[in-house]
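Below is model34.cif, which holds mmCIF, C-alpha atoms.
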```
data_protein
#
loop_
_atom_site.group_PDB
_atom_site.id
_atom_site.type_symbol
_atom_site.label_atom_id
_atom_site.label_comp_id
_atom_site.auth_asym_id
_atom_site.auth_seq_id
_atom_site.Cartn_x
_atom_site.Cartn_y
_atom_site.Cartn_z
ATOM 1 C CA MET A 923 120.085 30.824 -41.078
ATOM 2 C CA ASN A 924 122.866 30.286 -38.585
ATOM 3 C CA ALA A 925 125.056 33.370 -38.178
ATOM 4 C CA ALA A 926 128.256 31.459 -38.905
ATOM 5 C CA VAL A 927 126.814 29.921 -42.067
ATOM 6 C CA GLN A 928 125.573 33.309 -43.192
ATOM 7 C CA PHE A 929 128.969 34.901 -42.641
ATOM 8 C CA VAL A 930 130.785 32.178 -44.536
ATOM 9 C CA HIS A 931 128.292 32.351 -47.379
ATOM 10 C CA GLU A 932 128.804 36.088 -47.660
ATOM 11 C CA GLN A 933 132.544 35.540 -47.868
ATOM 12 C CA LEU A 934 132.341 32.710 -50.367
ATOM 13 C CA THR A 935 129.706 33.935 -52.772
ATOM 14 C CA ALA A 936 131.357 36.185 -55.286
ATOM 15 C CA LYS A 937 129.072 38.718 -56.874
ATOM 16 C CA LYS A 938 127.565 37.184 -59.983
ATOM 17 C CA GLU A 939 125.320 38.928 -62.421
ATOM 18 C CA PHE A 940 122.417 36.719 -63.350
ATOM 19 C CA PRO A 941 119.102 37.723 -64.833
ATOM 20 C CA LYS A 942 116.389 37.105 -62.293
ATOM 21 C CA PHE A 943 114.613 33.891 -63.232
ATOM 22 C CA LYS A 944 112.287 31.406 -61.592
ATOM 23 C CA ALA A 945 110.722 28.031 -62.247
ATOM 24 C CA GLY A 946 109.003 27.895 -65.617
ATOM 25 C CA ASP A 947 111.365 30.280 -67.345
ATOM 26 C CA ASN A 948 113.320 29.225 -70.381
ATOM 27 C CA VAL A 949 117.056 29.855 -69.921
ATOM 28 C CA SER A 950 120.308 29.144 -71.669
ATOM 29 C CA VAL A 951 123.139 28.229 -69.326
ATOM 30 C CA ASN A 952 126.593 28.755 -70.759
ATOM 31 C CA TYR A 953 128.980 26.583 -68.805
ATOM 32 C CA LYS A 954 132.648 25.845 -69.169
ATOM 33 C CA ILE A 955 133.830 22.353 -69.946
ATOM 34 C CA ILE A 956 137.415 21.198 -70.038
ATOM 35 C CA GLU A 957 138.249 18.960 -72.957
ATOM 36 C CA GLY A 958 141.786 17.677 -73.297
ATOM 37 C CA GLY A 959 143.246 20.533 -71.296
ATOM 38 C CA LYS A 960 141.326 23.094 -73.309
ATOM 39 C CA GLU A 961 138.398 25.057 -72.019
ATOM 40 C CA ARG A 962 135.331 25.859 -74.077
ATOM 41 C CA ILE A 963 131.832 27.024 -73.423
ATOM 42 C CA GLN A 964 128.787 24.868 -73.998
ATOM 43 C CA SER A 965 125.187 25.973 -73.822
ATOM 44 C CA PHE A 966 122.298 24.135 -72.193
ATOM 45 C CA ARG A 967 118.888 25.521 -73.053
ATOM 46 C CA GLY A 968 115.718 24.420 -71.323
ATOM 47 C CA ASP A 969 113.013 25.152 -68.793
ATOM 48 C CA VAL A 970 113.843 25.786 -65.143
ATOM 49 C CA LEU A 971 112.196 23.056 -63.098
ATOM 50 C CA LYS A 972 113.133 24.333 -59.674
ATOM 51 C CA ILE A 973 115.346 26.602 -57.673
ATOM 52 C CA GLN A 974 116.602 24.969 -54.523
ATOM 53 C CA GLY A 975 118.634 25.913 -51.484
ATOM 54 C CA THR A 976 119.964 29.164 -50.098
ATOM 55 C CA GLY A 977 123.238 31.029 -50.009
ATOM 56 C CA ALA A 978 126.343 29.419 -51.431
ATOM 57 C CA THR A 979 124.699 26.028 -51.895
ATOM 58 C CA ALA A 980 121.720 27.165 -53.985
ATOM 59 C CA THR A 981 121.129 25.282 -57.232
ATOM 60 C CA PHE A 982 118.698 25.343 -60.115
ATOM 61 C CA THR A 983 117.552 22.488 -62.334
ATOM 62 C CA VAL A 984 117.078 22.904 -66.078
ATOM 63 C CA ARG A 985 115.162 20.368 -68.168
ATOM 64 C CA LYS A 986 115.192 20.020 -71.901
ATOM 65 C CA ILE A 987 114.057 17.423 -74.422
ATOM 66 C CA SER A 988 117.076 16.214 -76.349
ATOM 67 C CA ASP A 989 116.330 13.863 -79.248
ATOM 68 C CA GLY A 990 113.075 12.880 -77.616
ATOM 69 C CA VAL A 991 114.709 12.120 -74.274
ATOM 70 C CA GLY A 992 114.227 14.351 -71.285
ATOM 71 C CA VAL A 993 117.540 15.623 -69.885
ATOM 72 C CA GLU A 994 117.873 17.431 -66.581
ATOM 73 C CA ARG A 995 120.928 19.223 -65.291
ATOM 74 C CA VAL A 996 121.482 20.726 -61.874
ATOM 75 C CA PHE A 997 123.606 23.872 -61.827
ATOM 76 C CA PRO A 998 124.974 25.418 -58.623
ATOM 77 C CA PHE A 999 124.434 29.174 -58.767
ATOM 78 C CA PHE A 1000 127.932 29.954 -57.560
ATOM 79 C CA SER A 1001 129.852 27.380 -59.514
ATOM 80 C CA PRO A 1002 132.874 28.968 -61.212
ATOM 81 C CA ASN A 1003 132.077 26.816 -64.241
ATOM 82 C CA ILE A 1004 128.950 28.775 -65.054
ATOM 83 C CA ASP A 1005 129.893 31.462 -67.494
ATOM 84 C CA SER A 1006 126.531 33.155 -67.922
ATOM 85 C CA VAL A 1007 122.798 32.573 -67.856
ATOM 86 C CA ILE A 1008 120.548 34.049 -70.518
ATOM 87 C CA LEU A 1009 116.835 34.437 -69.893
ATOM 88 C CA ASN A 1010 114.991 33.557 -73.098
ATOM 89 C CA LYS A 1011 111.357 33.383 -72.069
ATOM 90 C CA VAL A 1012 109.425 34.136 -68.926
ATOM 91 C CA GLY A 1013 106.967 31.338 -68.282
ATOM 92 C CA LYS A 1014 103.513 31.562 -66.783
ATOM 93 C CA VAL A 1015 103.288 28.850 -64.131
ATOM 94 C CA ARG A 1016 101.453 28.461 -60.854
ATOM 95 C CA ARG A 1017 103.982 26.320 -59.031
ATOM 96 C CA ALA A 1018 107.531 26.778 -57.710
ATOM 97 C CA LYS A 1019 108.547 23.206 -58.599
ATOM 98 C CA LEU A 1020 107.447 21.898 -61.978
ATOM 99 C CA PHE A 1021 107.931 18.170 -61.473
ATOM 100 C CA TYR A 1022 104.671 17.482 -63.308
ATOM 101 C CA LEU A 1023 106.513 18.255 -66.542
ATOM 102 C CA ARG A 1024 108.408 14.978 -66.187
ATOM 103 C CA GLU A 1025 105.274 12.949 -66.855
ATOM 104 C CA ARG A 1026 104.247 15.042 -69.823
ATOM 105 C CA SER A 1027 105.533 15.251 -73.319
ATOM 106 C CA GLY A 1028 104.729 17.089 -76.507
ATOM 107 C CA LYS A 1029 101.987 19.687 -76.458
ATOM 108 C CA SER A 1030 100.995 19.221 -72.828
ATOM 109 C CA ALA A 1031 104.561 19.802 -71.661
ATOM 110 C CA ARG A 1032 104.594 23.332 -73.035
ATOM 111 C CA ILE A 1033 104.761 26.324 -70.702
ATOM 112 C CA LYS A 1034 102.755 29.405 -71.586
ATOM 113 C CA GLU A 1035 104.858 32.491 -72.093
ATOM 114 C CA LYS A 1036 104.197 35.563 -70.017
ATOM 115 C CA ARG A 1037 103.694 38.635 -72.171
ATOM 116 C CA PHE A 1038 104.188 42.072 -70.776
ATOM 117 C CA MET B 946 127.286 22.664 -43.193
ATOM 118 C CA THR B 947 127.982 24.435 -46.423
ATOM 119 C CA SER B 948 130.032 23.844 -49.516
ATOM 120 C CA ILE B 949 132.943 25.474 -51.250
ATOM 121 C CA PHE B 950 134.054 25.523 -54.871
ATOM 122 C CA SER B 951 137.598 24.991 -55.996
ATOM 123 C CA SER B 952 138.927 26.998 -58.902
ATOM 124 C CA ASP B 953 138.263 24.134 -61.328
ATOM 125 C CA GLY B 954 134.630 23.983 -60.259
ATOM 126 C CA ARG B 955 134.687 21.019 -57.891
ATOM 127 C CA GLN B 956 132.275 21.397 -55.006
ATOM 128 C CA THR B 957 133.343 20.169 -51.579
ATOM 129 C CA ALA B 958 130.897 19.793 -48.719
ATOM 130 C CA CYS B 959 132.353 21.267 -45.554
ATOM 131 C CA THR B 960 131.504 22.040 -41.965
ATOM 132 C CA ILE B 961 132.037 25.378 -40.270
ATOM 133 C CA ILE B 962 133.693 25.097 -36.856
ATOM 134 C CA GLU B 963 134.217 28.047 -34.577
ATOM 135 C CA ALA B 964 137.679 27.227 -33.251
ATOM 136 C CA GLY B 965 138.500 29.641 -30.525
ATOM 137 C CA PRO B 966 139.546 31.905 -29.055
ATOM 138 C CA ASN B 967 140.546 29.323 -26.469
ATOM 139 C CA ILE B 968 142.049 30.722 -23.307
ATOM 140 C CA VAL B 969 144.700 28.905 -21.317
ATOM 141 C CA THR B 970 143.244 28.721 -17.818
ATOM 142 C CA GLN B 971 145.734 26.411 -16.199
ATOM 143 C CA VAL B 972 149.207 25.116 -16.955
ATOM 144 C CA LYS B 973 150.013 21.782 -15.361
ATOM 145 C CA THR B 974 153.641 20.798 -15.078
ATOM 146 C CA LYS B 975 155.473 17.691 -14.079
ATOM 147 C CA GLU B 976 156.759 19.296 -10.886
ATOM 148 C CA THR B 977 153.425 20.474 -9.541
ATOM 149 C CA ASP B 978 150.945 17.990 -10.967
ATOM 150 C CA GLY B 979 152.980 14.960 -11.993
ATOM 151 C CA TYR B 980 152.270 15.460 -15.690
ATOM 152 C CA SER B 981 152.276 18.292 -18.164
ATOM 153 C CA ALA B 982 149.046 19.578 -19.673
ATOM 154 C CA LEU B 983 147.242 22.703 -20.758
ATOM 155 C CA GLN B 984 143.728 23.515 -19.700
ATOM 156 C CA LEU B 985 141.801 25.434 -22.351
ATOM 157 C CA ALA B 986 138.454 27.171 -21.939
ATOM 158 C CA PHE B 987 135.970 28.118 -24.617
ATOM 159 C CA GLY B 988 132.609 29.864 -24.793
ATOM 160 C CA ASP B 989 131.224 32.524 -22.494
ATOM 161 C CA LYS B 990 128.982 31.668 -19.603
ATOM 162 C CA ASN B 991 126.755 33.925 -17.588
ATOM 163 C CA GLU B 992 128.388 34.781 -14.270
ATOM 164 C CA LYS B 993 125.022 34.186 -12.610
ATOM 165 C CA HIS B 994 125.206 30.530 -13.556
ATOM 166 C CA SER B 995 128.748 29.889 -12.364
ATOM 167 C CA ASN B 996 129.834 29.349 -8.790
ATOM 168 C CA LYS B 997 132.610 31.173 -6.956
ATOM 169 C CA ALA B 998 135.121 28.408 -7.488
ATOM 170 C CA GLU B 999 134.653 28.641 -11.224
ATOM 171 C CA ILE B 1000 134.751 32.426 -11.330
ATOM 172 C CA ASN B 1001 137.934 32.568 -9.258
ATOM 173 C CA HIS B 1002 139.547 29.864 -11.337
ATOM 174 C CA PHE B 1003 138.925 31.854 -14.500
ATOM 175 C CA GLN B 1004 139.987 35.066 -12.780
ATOM 176 C CA LYS B 1005 143.475 33.612 -12.378
ATOM 177 C CA ALA B 1006 143.668 33.641 -16.152
ATOM 178 C CA SER B 1007 142.011 37.109 -16.012
ATOM 179 C CA THR B 1008 139.024 36.109 -18.119
ATOM 180 C CA SER B 1009 135.285 35.916 -17.597
ATOM 181 C CA ALA B 1010 133.468 32.699 -16.781
ATOM 182 C CA LYS B 1011 133.649 30.083 -19.518
ATOM 183 C CA SER B 1012 131.218 27.335 -20.338
ATOM 184 C CA PHE B 1013 133.538 24.612 -21.553
ATOM 185 C CA VAL B 1014 136.896 23.494 -20.169
ATOM 186 C CA LYS B 1015 139.140 20.796 -21.526
ATOM 187 C CA GLU B 1016 142.560 19.592 -20.546
ATOM 188 C CA PHE B 1017 145.081 18.656 -23.214
ATOM 189 C CA ARG B 1018 147.928 16.433 -22.102
ATOM 190 C CA ASP B 1019 151.423 17.109 -23.377
ATOM 191 C CA TYR B 1020 150.380 20.066 -25.499
ATOM 192 C CA SER B 1021 153.000 20.800 -28.096
ATOM 193 C CA LEU B 1022 152.816 24.599 -27.821
ATOM 194 C CA GLU B 1023 154.407 26.482 -24.957
ATOM 195 C CA LYS B 1024 151.714 28.738 -23.550
ATOM 196 C CA ALA B 1025 151.412 30.674 -20.312
ATOM 197 C CA ILE B 1026 148.236 31.113 -18.303
ATOM 198 C CA GLY B 1027 145.887 33.732 -19.760
ATOM 199 C CA GLU B 1028 147.166 33.415 -23.295
ATOM 200 C CA THR B 1029 144.779 32.633 -26.120
ATOM 201 C CA ILE B 1030 144.946 29.968 -28.800
ATOM 202 C CA THR B 1031 143.201 30.812 -32.056
ATOM 203 C CA VAL B 1032 142.767 29.251 -35.464
ATOM 204 C CA ASP B 1033 146.229 30.553 -36.380
ATOM 205 C CA ILE B 1034 147.691 27.217 -35.310
ATOM 206 C CA PHE B 1035 145.956 25.623 -38.318
ATOM 207 C CA ALA B 1036 146.904 26.095 -41.935
ATOM 208 C CA GLU B 1037 144.771 25.653 -45.015
ATOM 209 C CA GLY B 1038 145.278 22.302 -46.676
ATOM 210 C CA GLU B 1039 146.461 20.340 -43.661
ATOM 211 C CA LYS B 1040 144.707 17.290 -42.272
ATOM 212 C CA VAL B 1041 143.011 17.294 -38.861
ATOM 213 C CA ASP B 1042 141.021 14.838 -36.771
ATOM 214 C CA VAL B 1043 137.732 15.945 -35.259
ATOM 215 C CA VAL B 1044 136.345 14.346 -32.092
ATOM 216 C CA GLY B 1045 132.737 14.817 -31.102
ATOM 217 C CA THR B 1046 129.666 13.176 -29.636
ATOM 218 C CA THR B 1047 127.278 11.795 -32.240
ATOM 219 C CA LYS B 1048 123.606 12.636 -32.319
ATOM 220 C CA GLY B 1049 121.506 10.450 -30.056
ATOM 221 C CA LYS B 1050 119.179 8.206 -32.018
ATOM 222 C CA GLY B 1051 117.319 6.582 -29.115
ATOM 223 C CA PHE B 1052 116.416 2.891 -29.004
ATOM 224 C CA GLN B 1053 116.980 1.522 -32.486
ATOM 225 C CA GLY B 1054 116.655 -1.868 -34.097
ATOM 226 C CA VAL B 1055 119.430 -3.930 -35.618
ATOM 227 C CA VAL B 1056 118.844 -2.729 -39.173
ATOM 228 C CA LYS B 1057 119.614 0.891 -38.343
ATOM 229 C CA ARG B 1058 122.025 0.215 -35.482
ATOM 230 C CA HIS B 1059 124.204 -2.528 -36.967
ATOM 231 C CA GLY B 1060 123.358 -2.507 -40.645
ATOM 232 C CA PHE B 1061 121.556 -5.865 -40.633
ATOM 233 C CA HIS B 1062 119.448 -6.572 -43.676
ATOM 234 C CA GLY B 1063 116.392 -8.030 -41.953
ATOM 235 C CA VAL B 1064 115.037 -11.495 -42.441
ATOM 236 C CA GLY B 1065 113.128 -12.884 -45.362
ATOM 237 C CA GLU B 1066 111.444 -11.329 -48.309
ATOM 238 C CA GLN B 1067 108.600 -8.971 -48.818
ATOM 239 C CA SER B 1068 106.399 -11.449 -50.640
ATOM 240 C CA HIS B 1069 106.030 -15.280 -50.837
ATOM 241 C CA GLY B 1070 103.785 -15.357 -47.820
ATOM 242 C CA GLN B 1071 106.307 -13.800 -45.432
ATOM 243 C CA HIS B 1072 105.364 -10.964 -43.188
ATOM 244 C CA ASP B 1073 106.519 -9.080 -40.071
ATOM 245 C CA ARG B 1074 110.151 -10.195 -40.472
ATOM 246 C CA GLN B 1075 111.634 -7.458 -42.600
ATOM 247 C CA ARG B 1076 113.596 -5.712 -39.847
ATOM 248 C CA ALA B 1077 114.073 -8.726 -37.572
ATOM 249 C CA PRO B 1078 117.549 -9.699 -36.272
ATOM 250 C CA GLY B 1079 117.290 -13.392 -37.187
ATOM 251 C CA SER B 1080 118.923 -16.122 -35.157
ATOM 252 C CA ILE B 1081 121.114 -15.097 -32.229
ATOM 253 C CA GLY B 1082 122.785 -18.458 -31.688
ATOM 254 C CA GLY B 1083 122.539 -22.221 -31.560
ATOM 255 C CA SER B 1084 120.139 -24.092 -29.358
ATOM 256 C CA SER B 1085 121.826 -27.201 -27.999
ATOM 257 C CA TYR B 1086 125.279 -25.733 -28.475
ATOM 258 C CA PRO B 1087 126.331 -23.256 -27.157
ATOM 259 C CA SER B 1088 122.927 -23.062 -25.527
ATOM 260 C CA ARG B 1089 123.576 -19.463 -24.568
ATOM 261 C CA VAL B 1090 123.942 -16.111 -26.319
ATOM 262 C CA PHE B 1091 127.499 -14.987 -26.905
ATOM 263 C CA LYS B 1092 128.637 -11.806 -25.274
ATOM 264 C CA GLY B 1093 128.681 -8.833 -27.572
ATOM 265 C CA MET B 1094 125.903 -10.210 -29.785
ATOM 266 C CA ARG B 1095 124.656 -7.292 -31.808
ATOM 267 C CA MET B 1096 121.097 -6.504 -30.835
ATOM 268 C CA ALA B 1097 118.700 -3.585 -30.669
ATOM 269 C CA GLY B 1098 119.396 -0.832 -28.166
ATOM 270 C CA ARG B 1099 120.490 2.710 -27.590
ATOM 271 C CA MET B 1100 122.179 4.212 -30.593
ATOM 272 C CA GLY B 1101 124.173 7.405 -30.967
ATOM 273 C CA GLY B 1102 125.564 9.694 -28.316
ATOM 274 C CA ASP B 1103 128.985 8.047 -28.656
ATOM 275 C CA ARG B 1104 132.335 9.740 -28.728
ATOM 276 C CA VAL B 1105 133.602 9.420 -32.266
ATOM 277 C CA LYS B 1106 136.766 10.574 -33.973
ATOM 278 C CA VAL B 1107 136.680 11.412 -37.668
ATOM 279 C CA LYS B 1108 140.170 11.218 -39.067
ATOM 280 C CA ASP B 1109 141.952 13.104 -41.811
ATOM 281 C CA LEU B 1110 139.557 15.920 -42.560
ATOM 282 C CA LYS B 1111 141.106 18.550 -44.754
ATOM 283 C CA VAL B 1112 141.162 22.148 -43.598
ATOM 284 C CA VAL B 1113 139.584 23.828 -46.600
ATOM 285 C CA LYS B 1114 139.476 27.431 -45.484
ATOM 286 C CA ILE B 1115 140.195 29.590 -42.468
ATOM 287 C CA PHE B 1116 138.553 32.872 -41.509
ATOM 288 C CA ALA B 1117 141.055 34.140 -38.974
ATOM 289 C CA ASP B 1118 139.186 37.245 -37.860
ATOM 290 C CA LYS B 1119 136.075 35.252 -36.911
ATOM 291 C CA ASN B 1120 137.998 32.138 -35.818
ATOM 292 C CA TYR B 1121 136.031 30.002 -38.250
ATOM 293 C CA ILE B 1122 137.607 26.940 -39.789
ATOM 294 C CA LEU B 1123 136.059 24.986 -42.653
ATOM 295 C CA VAL B 1124 136.823 21.265 -42.724
ATOM 296 C CA SER B 1125 135.826 18.972 -45.547
ATOM 297 C CA GLY B 1126 132.953 16.612 -44.885
ATOM 298 C CA SER B 1127 130.818 16.243 -41.815
ATOM 299 C CA VAL B 1128 131.727 16.059 -38.146
ATOM 300 C CA PRO B 1129 129.958 14.203 -35.317
ATOM 301 C CA GLY B 1130 127.188 15.874 -33.370
ATOM 302 C CA HIS B 1131 124.301 18.223 -33.841
ATOM 303 C CA ASN B 1132 124.504 21.864 -34.845
ATOM 304 C CA GLY B 1133 126.240 23.916 -32.178
ATOM 305 C CA SER B 1134 127.800 20.963 -30.377
ATOM 306 C CA ILE B 1135 131.361 21.131 -29.108
ATOM 307 C CA VAL B 1136 134.096 19.207 -30.888
ATOM 308 C CA LEU B 1137 137.837 18.810 -30.494
ATOM 309 C CA ILE B 1138 140.135 19.418 -33.420
ATOM 310 C CA GLN B 1139 143.400 17.506 -33.285
ATOM 311 C CA LYS B 1140 146.382 17.901 -35.494
#
```
Please, can you express the file's structure as structure tokens?
Amino acid sequence: MNAAVQFVHEQLTAKKEFPKFKAGDNVSVNYKIIEGGKERIQSFRGDVLKIQGTGATATFTVRKISDGVGVERVFPFFSPNIDSVILNKVGKVRRAKLFYLRERSGKSARIKEKRF
Amino acid sequence: MTSIFSSDGRQTACTIIEAGPNIVTQVKTKETDGYSALQLAFGDKNEKHSNKAEINHFQKASTSAKSFVKEFRDYSLEKAIGETITVDIFAEGEKVDVVGTTKGKGFQGVVKRHGFHGVGEQSHGQHDRQRAPGSIGGSSYPSRVFKGMRMAGRMGGDRVKVKDLKVVKIFADKNYILVSGSVPGHNGSIVLIQK
């Protein structure tokens, strides 16, 4: 990475405590939403499809099935609106990007859990 | 490029520009040169690659050889030779214009170069016309092609000014300035920032 970009990223990215997760893991993202001037926290639980980007611009995509419809949300890692991320399950996958899940539904869209 | 978050969570794409330190290498005045201007220099250059005229010119401002020199007419700040201009002249939140040379795209067709939509459709027996320019003028009248007709050719490499970019953040110790949005040119190219 360019030295200037690296320096700026170091300055911009405030230290954030996240559990270490990767594609295939099941996470709950607690994010702040502003409703009528009031702030509250909403949770989005699903499987991580991908982690993308580096430094201050890195994002991760979470997919869940809501009322039979697949919903994907992209969260920037360093967004001030992300309150916390909870790691629910560690998935056993062979890929870094799980786009194949989009074509699957039901039983075949499950991700095996990694047991320790 | 990078991006920055505001306190309410809005993400703004921004470009990092290393603005300075610029050293005043010559002060032109109305009496001596017929007009007033400041000559600023930026970026170090190996002494091996500069000739004696250059080295001596920069020595007058008691600096090392510089790689880029630009004259600014009627500069608003009063500066003497040898003084430096840094990002301190900018403030966060103000609007600036950025001038640069766009990336060269080579010889491009009218669809990319002028935003034409091509001719015809993809099906119904048509073929080989999807990126074509279409008609370039009448036959019997005017019986010639008008000047300035938009056609294929060299694209990019033009001097372009992007107006009203917001200064999002300033890192004074490193002379970095973050402006919202993109600026012309490739990574590492030299741009002018105007207030």
If the PyMOL selection byres ((chain B) within 8 of (chain A)) were run on this exact file, what residues would it hold? Put them as a short mmCIF file (atom, residue, chain, number, x, y, z; two decimals) with C-alpha atoms, keeping the file's coordinate frame.
```cif
data_model
loop_
_atom_site.label_atom_id
_atom_site.label_comp_id
_atom_site.auth_asym_id
_atom_site.auth_seq_id
_atom_site.Cartn_x
_atom_site.Cartn_y
_atom_site.Cartn_z
CA MET B 946 127.29 22.66 -43.19
CA THR B 947 127.98 24.44 -46.42
CA SER B 948 130.03 23.84 -49.52
CA ILE B 949 132.94 25.47 -51.25
CA PHE B 950 134.05 25.52 -54.87
CA SER B 952 138.93 27.00 -58.90
CA ASP B 953 138.26 24.13 -61.33
CA GLY B 954 134.63 23.98 -60.26
CA GLN B 956 132.28 21.40 -55.01
CA ILE B 961 132.04 25.38 -40.27
CA TYR B 1121 136.03 30.00 -38.25
#
```
> Residues picked by the PyMOL selection byres ((chain B and resi 1096-1100) around 8) here, as a ChimeraX atom specification?
Replying inline: /B:1049-1055,1058-1059,1078,1094-1095,1101-1102
> What is the CA of Val1113 (chain B) to CA of Lys1015 (chain B) distance in Å?
Replying inline: 25.3 Å
>> What's around Thr981 (chain A) at 7 Å? Count only C-alpha atoms, leave out sequence neighbours fewer than 4 positions away in its own chain, and write the answer as a ChimeraX atom specification.
In response: /A:973-975,996-999
> What does the PyMOL selection byres ((chain A and resi 992) around 12) select in this file, as a VMD selection string?
Replying inline: chain A and resid 968 to 969 984 to 991 993 to 995 1023 to 1028 1031
Would you compute the box with edges along x, y and z of the file around region 1039-1057 of chain B, including every atom the file lists for it and 8 Å extra on each side, and give its centre and edge lengths in Å to one decimal, as lines of an AutoDock Vina configuration file?
```
center_x = 131.4
center_y = 8.2
center_z = -36.3
size_x = 46.0
size_y = 40.3
size_z = 30.7
```
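Near Ser965 (chain A), within a cut-off of 9 Å and counting only C-alpha atoms, sit the residues Ser950, Val951, Asn952, Tyr953 and Lys954 of chain A, with same-chain residues fewer than 4 positions away left out.
By only C-alpha atoms, and with residues fewer than 4 positions from Asn1001 (chain B) along its chain excluded, the set lying at most 12 Å from it is Thr970, Glu992, Ser995, Asn996, Lys997, Lys1005, Ala1006, Ser1007, Thr1008, Ser1009, Ala1010 and Lys1011 of chain B.
The nearest approach to Lys942 (chain A) among the residues A:Asn1010, A:Thr976, A:Thr983, A:Gln964, with all atoms listed in the file taken into account, belongs to A:Asn1010.
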>> Please compute the CA of Pro966 (chain B)-CA of Phe1013 (chain B) distance, one decimal, in Å.
In response: 12.1 Å
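In terms of minimum interatomic distance to Phe982 (chain A), A:Gly946 ranks closest within A:Lys938, A:Ala925, A:Gly946, A:Phe1038, counting all atoms listed in the file.
Using only C-alpha atoms, the shortest contact distance between Leu1009 (chain A) and any of A:Val949, A:Glu1035, A:Arg962, A:Ser1030 is found at A:Val949.
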>> With all atoms listed in the file as the counted atoms, please give the residues lying no more than 10 Å from Asn967 (chain B), apart from itself and same-chain residues fewer than 5 positions off, as a list in words.
In response: Gln984, Leu985, Ala986, Phe987, Gly988, Lys1011, Phe1013, Val1014, Lys1015, Gly1027, Glu1028, Thr1029, Ile1030, Thr1031 and Val1032 of chain B
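Put simply, CA of Lys1111 (chain B) is 5.9 Å away from CA of Gly1038 (chain B).
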>> Residues within 6 Å of Asp947 (chain A), please, as a PyMOL selection string. Count all atoms listed in the file; anything in the same chain fewer than 2 positions from it doesn't count.
In response: chain A and resi 944-945+969-970+1011-1013
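Distances here use all atoms listed in the file; by that measure, the residue among A:Lys937, A:Arg967, A:Lys972, A:Lys960 closest to Tyr1022 (chain A) is A:Lys972.
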>> Residues within 6 Å of (137.0, 33.4, -32.9), file coordinates, counting all atoms listed in the file: what are they? Give the list as a count of residues only.
In response: 4
